[in-house]
file coords-v2.pdb (PDB, C-alpha atoms and all ligand atoms)
ATOM      1  CA  MET A   1       0.223   4.509 -19.263  1.00  0.00           C
ATOM      2  CA  GLU A   2       0.946   7.958 -20.657  1.00  0.00           C
ATOM      3  CA  GLU A   3      -1.832   9.722 -18.780  1.00  0.00           C
ATOM      4  CA  CYS A   4      -0.982   8.256 -15.393  1.00  0.00           C
ATOM      5  CA  LEU A   5       0.169  10.894 -12.896  1.00  0.00           C
ATOM      6  CA  PHE A   6       2.536   8.598 -11.025  1.00  0.00           C
ATOM      7  CA  CYS A   7       3.982   7.143 -14.267  1.00  0.00           C
ATOM      8  CA  LYS A   8       4.824  10.750 -15.144  1.00  0.00           C
ATOM      9  CA  ILE A   9       6.551  11.165 -11.785  1.00  0.00           C
ATOM     10  CA  VAL A  10       8.522   7.946 -12.458  1.00  0.00           C
ATOM     11  CA  ALA A  11       9.501   9.331 -15.883  1.00  0.00           C
ATOM     12  CA  GLY A  12      10.544  12.661 -14.366  1.00  0.00           C
ATOM     13  CA  GLN A  13       7.899  14.553 -16.384  1.00  0.00           C
ATOM     14  CA  ILE A  14       6.282  15.856 -13.191  1.00  0.00           C
ATOM     15  CA  PRO A  15       8.474  16.966 -10.283  1.00  0.00           C
ATOM     16  CA  ALA A  16       8.300  15.150  -6.963  1.00  0.00           C
ATOM     17  CA  GLU A  17      10.322  15.271  -3.754  1.00  0.00           C
ATOM     18  CA  LYS A  18      11.957  11.884  -4.216  1.00  0.00           C
ATOM     19  CA  VAL A  19      13.428  10.264  -1.095  1.00  0.00           C
ATOM     20  CA  TYR A  20      14.262   6.759  -2.395  1.00  0.00           C
ATOM     21  CA  GLU A  21      14.862   4.977  -5.677  1.00  0.00           C
ATOM     22  CA  ASP A  22      15.996   1.525  -6.781  1.00  0.00           C
ATOM     23  CA  SER A  23      15.562  -0.404 -10.021  1.00  0.00           C
ATOM     24  CA  ASP A  24      11.884  -1.218  -9.335  1.00  0.00           C
ATOM     25  CA  VAL A  25      10.602   1.272  -6.774  1.00  0.00           C
ATOM     26  CA  ILE A  26      10.531   4.984  -6.042  1.00  0.00           C
ATOM     27  CA  ALA A  27       9.311   6.833  -2.971  1.00  0.00           C
ATOM     28  CA  PHE A  28       8.432  10.508  -2.747  1.00  0.00           C
ATOM     29  CA  LEU A  29       6.712  12.882  -0.352  1.00  0.00           C
ATOM     30  CA  ASP A  30       2.931  13.118  -0.640  1.00  0.00           C
ATOM     31  CA  ILE A  31       1.962  16.558  -1.947  1.00  0.00           C
ATOM     32  CA  ASN A  32      -0.832  16.762   0.664  1.00  0.00           C
ATOM     33  CA  PRO A  33       0.841  15.159   3.673  1.00  0.00           C
ATOM     34  CA  ARG A  34      -1.232  13.791   6.572  1.00  0.00           C
ATOM     35  CA  ASN A  35       1.853  14.418   8.722  1.00  0.00           C
ATOM     36  CA  PRO A  36       5.352  15.727   7.932  1.00  0.00           C
ATOM     37  CA  GLY A  37       7.231  12.886   6.238  1.00  0.00           C
ATOM     38  CA  HIS A  38       4.131  11.230   4.724  1.00  0.00           C
ATOM     39  CA  THR A  39       5.686   9.245   1.871  1.00  0.00           C
ATOM     40  CA  LEU A  40       4.251   7.350  -1.104  1.00  0.00           C
ATOM     41  CA  VAL A  41       6.061   4.193  -2.185  1.00  0.00           C
ATOM     42  CA  ILE A  42       5.258   3.077  -5.735  1.00  0.00           C
ATOM     43  CA  PRO A  43       6.373   0.496  -8.302  1.00  0.00           C
ATOM     44  CA  LYS A  44       8.106   2.064 -11.307  1.00  0.00           C
ATOM     45  CA  LYS A  45       6.042  -0.226 -13.526  1.00  0.00           C
ATOM     46  CA  HIS A  46       2.365   0.662 -13.820  1.00  0.00           C
ATOM     47  CA  PHE A  47      -0.044  -1.523 -11.864  1.00  0.00           C
ATOM     48  CA  SER A  48      -3.440  -0.053 -11.025  1.00  0.00           C
ATOM     49  CA  ASP A  49      -3.503  -1.592  -7.550  1.00  0.00           C
ATOM     50  CA  LEU A  50      -2.087  -4.354  -5.345  1.00  0.00           C
ATOM     51  CA  LEU A  51      -4.378  -7.025  -6.776  1.00  0.00           C
ATOM     52  CA  GLU A  52      -2.920  -6.420 -10.228  1.00  0.00           C
ATOM     53  CA  MET A  53       0.689  -6.811  -9.112  1.00  0.00           C
ATOM     54  CA  ASP A  54       2.705  -9.984  -9.602  1.00  0.00           C
ATOM     55  CA  ASP A  55       3.970 -11.513  -6.377  1.00  0.00           C
ATOM     56  CA  GLU A  56       7.643 -10.915  -7.050  1.00  0.00           C
ATOM     57  CA  TYR A  57       7.096  -7.200  -7.639  1.00  0.00           C
ATOM     58  CA  ALA A  58       4.820  -6.951  -4.601  1.00  0.00           C
ATOM     59  CA  MET A  59       7.556  -8.474  -2.454  1.00  0.00           C
ATOM     60  CA  LYS A  60      10.136  -5.984  -3.721  1.00  0.00           C
ATOM     61  CA  LEU A  61       7.751  -3.099  -3.114  1.00  0.00           C
ATOM     62  CA  PHE A  62       6.931  -4.131   0.442  1.00  0.00           C
ATOM     63  CA  VAL A  63      10.586  -4.664   1.333  1.00  0.00           C
ATOM     64  CA  ALA A  64      11.109  -1.030   0.278  1.00  0.00           C
ATOM     65  CA  VAL A  65       8.027   0.004   2.298  1.00  0.00           C
ATOM     66  CA  LYS A  66       9.530  -1.598   5.392  1.00  0.00           C
ATOM     67  CA  ARG A  67      12.861   0.137   4.851  1.00  0.00           C
ATOM     68  CA  ILE A  68      11.215   3.526   4.367  1.00  0.00           C
ATOM     69  CA  ALA A  69       8.952   3.010   7.395  1.00  0.00           C
ATOM     70  CA  LYS A  70      12.045   2.374   9.540  1.00  0.00           C
ATOM     71  CA  ALA A  71      13.788   5.452   8.075  1.00  0.00           C
ATOM     72  CA  ILE A  72      10.733   7.655   8.733  1.00  0.00           C
ATOM     73  CA  LYS A  73      10.461   6.386  12.310  1.00  0.00           C
ATOM     74  CA  ASP A  74      14.143   7.140  12.946  1.00  0.00           C
ATOM     75  CA  GLY A  75      14.472  10.304  10.841  1.00  0.00           C
ATOM     76  CA  ILE A  76      11.216  12.056  11.758  1.00  0.00           C
ATOM     77  CA  LYS A  77      11.305  10.593  15.296  1.00  0.00           C
ATOM     78  CA  ALA A  78       7.754   9.331  14.875  1.00  0.00           C
ATOM     79  CA  ASP A  79       6.050   7.488  17.741  1.00  0.00           C
ATOM     80  CA  GLY A  80       4.490   5.058  15.253  1.00  0.00           C
ATOM     81  CA  ILE A  81       3.941   4.434  11.542  1.00  0.00           C
ATOM     82  CA  SER A  82       0.666   3.870   9.691  1.00  0.00           C
ATOM     83  CA  ILE A  83       0.805   1.942   6.421  1.00  0.00           C
ATOM     84  CA  SER A  84      -2.211   2.529   4.211  1.00  0.00           C
ATOM     85  CA  GLN A  85      -2.999   1.221   0.752  1.00  0.00           C
ATOM     86  CA  SER A  86      -6.328   1.478  -1.065  1.00  0.00           C
ATOM     87  CA  ASN A  87      -7.622  -0.726  -3.872  1.00  0.00           C
ATOM     88  CA  GLY A  88     -10.469   0.710  -5.934  1.00  0.00           C
ATOM     89  CA  ARG A  89     -12.742   3.727  -5.575  1.00  0.00           C
ATOM     90  CA  ALA A  90     -14.864   2.139  -2.836  1.00  0.00           C
ATOM     91  CA  ALA A  91     -11.714   1.896  -0.746  1.00  0.00           C
ATOM     92  CA  GLY A  92     -10.887   5.539  -1.387  1.00  0.00           C
ATOM     93  CA  GLN A  93      -8.237   5.094  -4.071  1.00  0.00           C
ATOM     94  CA  VAL A  94      -7.882   8.306  -6.074  1.00  0.00           C
ATOM     95  CA  VAL A  95      -4.658   7.800  -8.033  1.00  0.00           C
ATOM     96  CA  ASN A  96      -4.876   4.721 -10.226  1.00  0.00           C
ATOM     97  CA  HIS A  97      -1.217   3.680  -9.906  1.00  0.00           C
ATOM     98  CA  MET A  98      -0.464   1.290  -7.054  1.00  0.00           C
ATOM     99  CA  HIS A  99       0.942   3.200  -4.075  1.00  0.00           C
ATOM    100  CA  VAL A 100       1.533   2.611  -0.401  1.00  0.00           C
ATOM    101  CA  HIS A 101       1.203   5.473   2.082  1.00  0.00           C
ATOM    102  CA  VAL A 102       3.822   5.445   4.827  1.00  0.00           C
ATOM    103  CA  ILE A 103       2.674   7.941   7.446  1.00  0.00           C
ATOM    104  CA  PRO A 104       4.495   8.966  10.614  1.00  0.00           C
ATOM    105  CA  ARG A 105       2.172   9.016  13.649  1.00  0.00           C
ATOM    106  CA  PHE A 106       2.483  10.811  16.981  1.00  0.00           C
ATOM    107  CA  PHE A 107       1.002  10.278  20.425  1.00  0.00           C
ATOM    108  CA  ASN A 108      -0.268  13.864  20.554  1.00  0.00           C
ATOM    109  CA  GLU A 109      -2.563  13.599  17.540  1.00  0.00           C
ATOM    110  CA  GLY A 110      -6.244  12.674  17.240  1.00  0.00           C
ATOM    111  CA  PRO A 111      -7.785   9.237  16.800  1.00  0.00           C
ATOM    112  CA  VAL A 112      -5.363   6.470  15.949  1.00  0.00           C
ATOM    113  CA  GLY A 113      -5.768   3.167  14.218  1.00  0.00           C
ATOM    114  CA  LEU A 114      -8.421   1.745  11.922  1.00  0.00           C
ATOM    115  CA  GLU A 115     -11.279   3.032  14.102  1.00  0.00           C
ATOM    116  CA  SER A 116     -10.498   6.559  12.881  1.00  0.00           C
ATOM    117  CA  ILE A 117     -11.347   5.649   9.275  1.00  0.00           C
ATOM    118  CA  LEU A 118     -13.865   2.826   9.678  1.00  0.00           C
ATOM    119  CA  PRO A 119     -15.850   2.222  12.878  1.00  0.00           C
ATOM    120  CA  THR A 120     -16.354  -1.375  14.043  1.00  0.00           C
ATOM    121  CA  LYS A 121     -19.599  -3.209  13.213  1.00  0.00           C
ATOM    122  CA  LYS A 122     -21.453  -5.881  15.165  1.00  0.00           C
ATOM    123  CA  ILE A 123     -21.648  -9.154  13.216  1.00  0.00           C
ATOM    124  CA  ASP A 124     -23.307 -12.192  14.797  1.00  0.00           C
ATOM    125  CA  GLN A 125     -21.477 -15.503  15.337  1.00  0.00           C
ATOM    126  CA  GLY A 126     -23.351 -17.344  12.559  1.00  0.00           C
ATOM    127  CA  SER A 127     -22.551 -14.696   9.989  1.00  0.00           C
ATOM    128  CA  MET A 128     -18.888 -14.671  11.087  1.00  0.00           C
ATOM    129  CA  LYS A 129     -18.740 -18.442  10.521  1.00  0.00           C
ATOM    130  CA  ASN A 130     -20.406 -18.046   7.137  1.00  0.00           C
ATOM    131  CA  ILE A 131     -17.957 -15.316   6.091  1.00  0.00           C
ATOM    132  CA  SER A 132     -15.054 -17.453   7.287  1.00  0.00           C
ATOM    133  CA  ASN A 133     -16.247 -20.380   5.143  1.00  0.00           C
ATOM    134  CA  ILE A 134     -16.669 -18.146   2.090  1.00  0.00           C
ATOM    135  CA  LEU A 135     -13.150 -16.771   2.543  1.00  0.00           C
ATOM    136  CA  LYS A 136     -11.530 -20.176   3.085  1.00  0.00           C
ATOM    137  CA  GLU A 137     -13.149 -21.428  -0.120  1.00  0.00           C
ATOM    138  CA  ALA A 138     -12.117 -18.287  -2.036  1.00  0.00           C
ATOM    139  CA  ILE A 139      -8.536 -18.328  -0.710  1.00  0.00           C
ATOM    140  CA  SER A 140      -8.109 -21.946  -1.799  1.00  0.00           C
ATOM    141  CA  LYS A 141      -8.947 -20.799  -5.345  1.00  0.00           C
ATOM    142  CA  VAL A 142      -6.566 -17.845  -5.470  1.00  0.00           C
ATOM    143  CA  SER A 143      -3.729 -19.207  -7.536  1.00  0.00           C
ATOM    144  CA  GLU A 144      -0.099 -18.295  -7.367  1.00  0.00           C
ATOM    145  CA  VAL A 145       0.090 -17.763 -11.116  1.00  0.00           C
ATOM    146  CA  SER A 146       1.630 -14.374 -10.594  1.00  0.00           C
ATOM    147  CA  LYS A 147       4.637 -15.908  -8.847  1.00  0.00           C
ATOM    148  CA  PRO A 148       7.761 -16.719 -10.886  1.00  0.00           C
ATOM    149  CA  ALA A 149       7.796 -20.459 -11.719  1.00  0.00           C
ATOM    150  CA  SER A 150      11.129 -20.887  -9.923  1.00  0.00           C
ATOM    151  CA  GLU A 151       9.565 -19.816  -6.637  1.00  0.00           C
ATOM    152  CA  LYS A 152       6.217 -21.587  -6.959  1.00  0.00           C
ATOM    153  CA  LYS A 153       5.386 -23.698  -3.955  1.00  0.00           C
ATOM    154  CA  GLU A 154       2.242 -24.735  -2.138  1.00  0.00           C
ATOM    155  CA  MET A 155       0.846 -22.051   0.112  1.00  0.00           C
ATOM    156  CA  GLU A 156      -0.368 -23.215   3.489  1.00  0.00           C
ATOM    157  CA  PHE A 157      -3.158 -21.569   5.394  1.00  0.00           C
ATOM    158  CA  GLU A 158      -3.961 -22.342   8.997  1.00  0.00           C
ATOM    159  CA  PHE A 159      -7.494 -21.896  10.238  1.00  0.00           C
TER     160      PHE A 159
HETATM  161  P1  LIG B   1      -5.050   7.692  -2.666  1.00  0.00           P
HETATM  162  O1  LIG B   1      -6.196   8.479  -2.122  1.00  0.00           O
HETATM  163  O2  LIG B   1      -5.211   7.356  -4.130  1.00  0.00           O
HETATM  164  O3  LIG B   1      -4.674   6.512  -1.829  1.00  0.00           O
HETATM  165  O4  LIG B   1      -3.801   8.667  -2.515  1.00  0.00           O
HETATM  166  C1  LIG B   1      -3.286   9.473  -3.510  1.00  0.00           C
HETATM  167  C2  LIG B   1      -2.280  10.371  -2.856  1.00  0.00           C
HETATM  168  O5  LIG B   1      -1.498  10.973  -3.874  1.00  0.00           O
HETATM  169  C3  LIG B   1      -2.913  11.505  -2.051  1.00  0.00           C
HETATM  170  O6  LIG B   1      -2.490  11.433  -0.695  1.00  0.00           O
HETATM  171  C4  LIG B   1      -2.416  12.773  -2.752  1.00  0.00           C
HETATM  172  O7  LIG B   1      -2.116  13.801  -1.848  1.00  0.00           O
HETATM  173  C5  LIG B   1      -1.193  12.289  -3.490  1.00  0.00           C
HETATM  174  N1  LIG B   1      -0.917  13.025  -4.719  1.00  0.00           N
HETATM  175  C6  LIG B   1      -1.827  13.329  -5.680  1.00  0.00           C
HETATM  176  N2  LIG B   1      -1.212  14.003  -6.684  1.00  0.00           N
HETATM  177  C7  LIG B   1       0.101  14.097  -6.340  1.00  0.00           C
HETATM  178  C8  LIG B   1       1.228  14.698  -6.991  1.00  0.00           C
HETATM  179  O8  LIG B   1       1.161  15.247  -8.089  1.00  0.00           O
HETATM  180  N3  LIG B   1       2.402  14.632  -6.337  1.00  0.00           N
HETATM  181  C9  LIG B   1       2.545  14.004  -5.123  1.00  0.00           C
HETATM  182  N4  LIG B   1       3.754  14.010  -4.573  1.00  0.00           N
HETATM  183  N5  LIG B   1       1.491  13.443  -4.490  1.00  0.00           N
HETATM  184  C10 LIG B   1       0.284  13.488  -5.089  1.00  0.00           C
HETATM  185 ZN    ZN B   2       1.085   4.637 -13.701  1.00  0.00          ZN
END
call {"tool": "encode", "arguments": {"input": "coords-v2.pdb", "output": "structure tokens", "more": "lines below"}}
Ligand code: 5GP
Ligand code: ZN
result
Amino acid sequence: MEECLFCKIVAGQIPAEKVYEDSDVIAFLDINPRNPGHTLVIPKKHFSDLLEMDDEYAMKLFVAVKRIAKAIKDGIKADGISISQSNGRAAGQVVNHMHVHVIPRFFNEGPVGLESILPTKKIDQGSMKNISNILKEAISKVSEVSKPASEKKEMEFEF
């Protein structure tokens, strides 16, 4: 992925304010921070988004996200942390290399939570049931092929 901006950051071809690195993951400050300490956590390997990632890599990435979120909360003395991750243009993804935003949040700022990016919608009971059925059917078909064979086990969903 030679033309990928974040692959270039991983390769050190473009400078970034790196705050964390391990064998699979790096984290660096967002160049246009939503708040001081806004950090991007990315896999070193190129995946376009979360849905493309194998489970083992996704687990490693999110363990790093948790660690960085804790460090930002302690280090920046944030009141809270927002984790944001977009998949595809419709979701607002601009950079096509999987990344997780870890954003410190403060009581004295504007609107908080999901409502600030996407207002709630009224959906009637029948449609909710229909959507639930569609999702249950779809989830039962999502295989665990991306998981290493050694860790494959039946996933259980409770509805
Ligand atoms: P997205 O909208 O794709 O979820 O977020 C992409 C993020 O990458 C944006 O918040 C943007 O500020 C950040 N970004 C874009 N280019 C660069 C860059 O060259 N360096 C760094 N550190 N961040 C970048
Ligand atoms: Zn890339």
call {"tool": "closest_residue", "arguments": {"input": "coords-v2.pdb", "among": "A:Pro43, A:Gly126, A:Pro33, A:Gly80", "to": "ligand ZN 2 (chain B)", "atoms": "all atoms listed in the file"}}
result
A:Pro43
call {"tool": "atom_distance", "arguments": {"input": "coords-v2.pdb", "atom1": "CA of Glu3 (chain A)", "atom2": "CA of Asn87 (chain A)"}}
result
19.1 Å
call {"tool": "resolve_selection", "arguments": {"input": "coords-v2.pdb", "expression": "the PyMOL selection byres (((chain A and resi 88-99) around 8) and not hetatm)", "output": "ChimeraX atom specification"}}
result
/A:4-7,40-43,46-50,85-87,100-101
call {"tool": "resolve_selection", "arguments": {"input": "coords-v2.pdb", "expression": "the PyMOL selection byres (((chain A and resi 22) around 12) and not hetatm)", "output": "ChimeraX atom specification"}}
result
/A:10,18-21,23-27,41-44,60-61,63-64
call {"tool": "atom_distance", "arguments": {"input": "coords-v2.pdb", "atom1": "CA of Asn32 (chain A)", "atom2": "atom O8 of ligand LIG 1 (chain B)"}}
result
9.1 Å
call {"tool": "closest_residue", "arguments": {"input": "coords-v2.pdb", "among": "A:Phe62, A:Asp124, A:Ser84, A:Ser116", "to": "ligand LIG 1 (chain B)", "atoms": "only C-alpha atoms and all ligand atoms"}}
result
A:Ser84
call {"tool": "closest_residue", "arguments": {"input": "coords-v2.pdb", "among": "A:Gln125, A:Asn108, A:Gln13, A:Ser82", "to": "Thr39 (chain A)", "atoms": "only C-alpha atoms"}}
result
A:Ser82
call {"tool": "resolve_selection", "arguments": {"input": "coords-v2.pdb", "expression": "the PyMOL selection byres (((chain A and resi 78) around 12) and not hetatm)", "output": "ChimeraX atom specification"}}
result
/A:35-38,69-77,79-82,102-109
call {"tool": "atom_distance", "arguments": {"input": "coords-v2.pdb", "atom1": "CA of Leu51 (chain A)", "atom2": "CA of Lys141 (chain A)"}}
result
14.6 Å
call {"tool": "closest_residue", "arguments": {"input": "coords-v2.pdb", "among": "A:Ile31, A:Ile123, A:Ile14, A:Ile131", "to": "ligand LIG 1 (chain B)", "atoms": "only C-alpha atoms and all ligand atoms"}}
result
A:Ile31
call {"tool": "residues_around", "arguments": {"input": "coords-v2.pdb", "residues": "Leu114 (chain A)", "least_positions_apart": "3", "cutoff": "12 Å", "atoms": "all atoms listed in the file", "output": "list in words"}}
result
Ser82, Ile83, Ser84, Pro111, Ile117, Leu118, Pro119 and Thr120 of chain A
call {"tool": "closest_residue", "arguments": {"input": "coords-v2.pdb", "among": "A:Met59, A:Met128, A:Ala16, A:Leu135", "to": "ligand LIG 1 (chain B)", "atoms": "all atoms listed in the file"}}
result
A:Ala16
call {"tool": "closest_residue", "arguments": {"input": "coords-v2.pdb", "among": "A:Phe28, A:Gly12, A:Ile68, A:Asp55", "to": "ligand LIG 1 (chain B)", "atoms": "all atoms listed in the file"}}
result
A:Phe28
call {"tool": "decode", "arguments": {"input": "coords-v2.pdb", "residues": "region 62-81 of chain A", "atoms": "N, CA and C atoms", "output": "short mmCIF file (atom, residue, chain, number, x, y, z; two decimals), in the first residue's frame"}}
result
data_model
loop_
_atom_site.label_atom_id
_atom_site.label_comp_id
_atom_site.auth_asym_id
_atom_site.auth_seq_id
_atom_site.Cartn_x
_atom_site.Cartn_y
_atom_site.Cartn_z
N PHE A 62 -7.27 -3.45 19.80
CA PHE A 62 -8.17 -2.89 20.81
C PHE A 62 -7.62 -2.99 22.23
N VAL A 63 -6.72 -3.94 22.45
CA VAL A 63 -6.02 -3.95 23.75
C VAL A 63 -5.14 -2.70 23.85
N ALA A 64 -4.48 -2.35 22.74
CA ALA A 64 -3.66 -1.12 22.72
C ALA A 64 -4.55 0.11 22.89
N VAL A 65 -5.71 0.10 22.24
CA VAL A 65 -6.65 1.24 22.37
C VAL A 65 -7.02 1.45 23.83
N LYS A 66 -7.30 0.35 24.52
CA LYS A 66 -7.69 0.45 25.93
C LYS A 66 -6.55 1.04 26.76
N ARG A 67 -5.33 0.57 26.49
CA ARG A 67 -4.17 1.05 27.24
C ARG A 67 -3.96 2.55 27.01
N ILE A 68 -4.08 2.96 25.76
CA ILE A 68 -3.87 4.37 25.42
C ILE A 68 -5.00 5.23 26.00
N ALA A 69 -6.22 4.72 25.97
CA ALA A 69 -7.35 5.46 26.56
C ALA A 69 -7.09 5.72 28.04
N LYS A 70 -6.60 4.71 28.74
CA LYS A 70 -6.30 4.85 30.18
C LYS A 70 -5.19 5.89 30.38
N ALA A 71 -4.15 5.81 29.51
CA ALA A 71 -3.02 6.75 29.63
C ALA A 71 -3.47 8.18 29.36
N ILE A 72 -4.36 8.36 28.36
CA ILE A 72 -4.84 9.71 28.04
C ILE A 72 -5.68 10.24 29.21
N LYS A 73 -6.51 9.38 29.77
CA LYS A 73 -7.35 9.82 30.90
C LYS A 73 -6.47 10.28 32.06
N ASP A 74 -5.45 9.48 32.37
CA ASP A 74 -4.55 9.83 33.48
C ASP A 74 -3.65 11.01 33.13
N GLY A 75 -3.02 10.95 31.94
CA GLY A 75 -2.00 11.93 31.57
C GLY A 75 -2.56 13.30 31.26
N ILE A 76 -3.68 13.33 30.54
CA ILE A 76 -4.28 14.62 30.14
C ILE A 76 -5.28 15.08 31.21
N LYS A 77 -5.56 14.19 32.16
CA LYS A 77 -6.58 14.45 33.20
C LYS A 77 -7.93 14.74 32.55
N ALA A 78 -8.30 13.86 31.62
CA ALA A 78 -9.59 14.01 30.94
C ALA A 78 -10.71 13.55 31.86
N ASP A 79 -11.89 14.14 31.68
CA ASP A 79 -13.07 13.71 32.46
C ASP A 79 -13.66 12.43 31.86
N GLY A 80 -13.45 12.23 30.57
CA GLY A 80 -13.96 11.03 29.89
C GLY A 80 -13.17 10.81 28.61
N ILE A 81 -13.44 9.69 27.95
CA ILE A 81 -12.75 9.36 26.70
C ILE A 81 -13.79 8.93 25.67
#
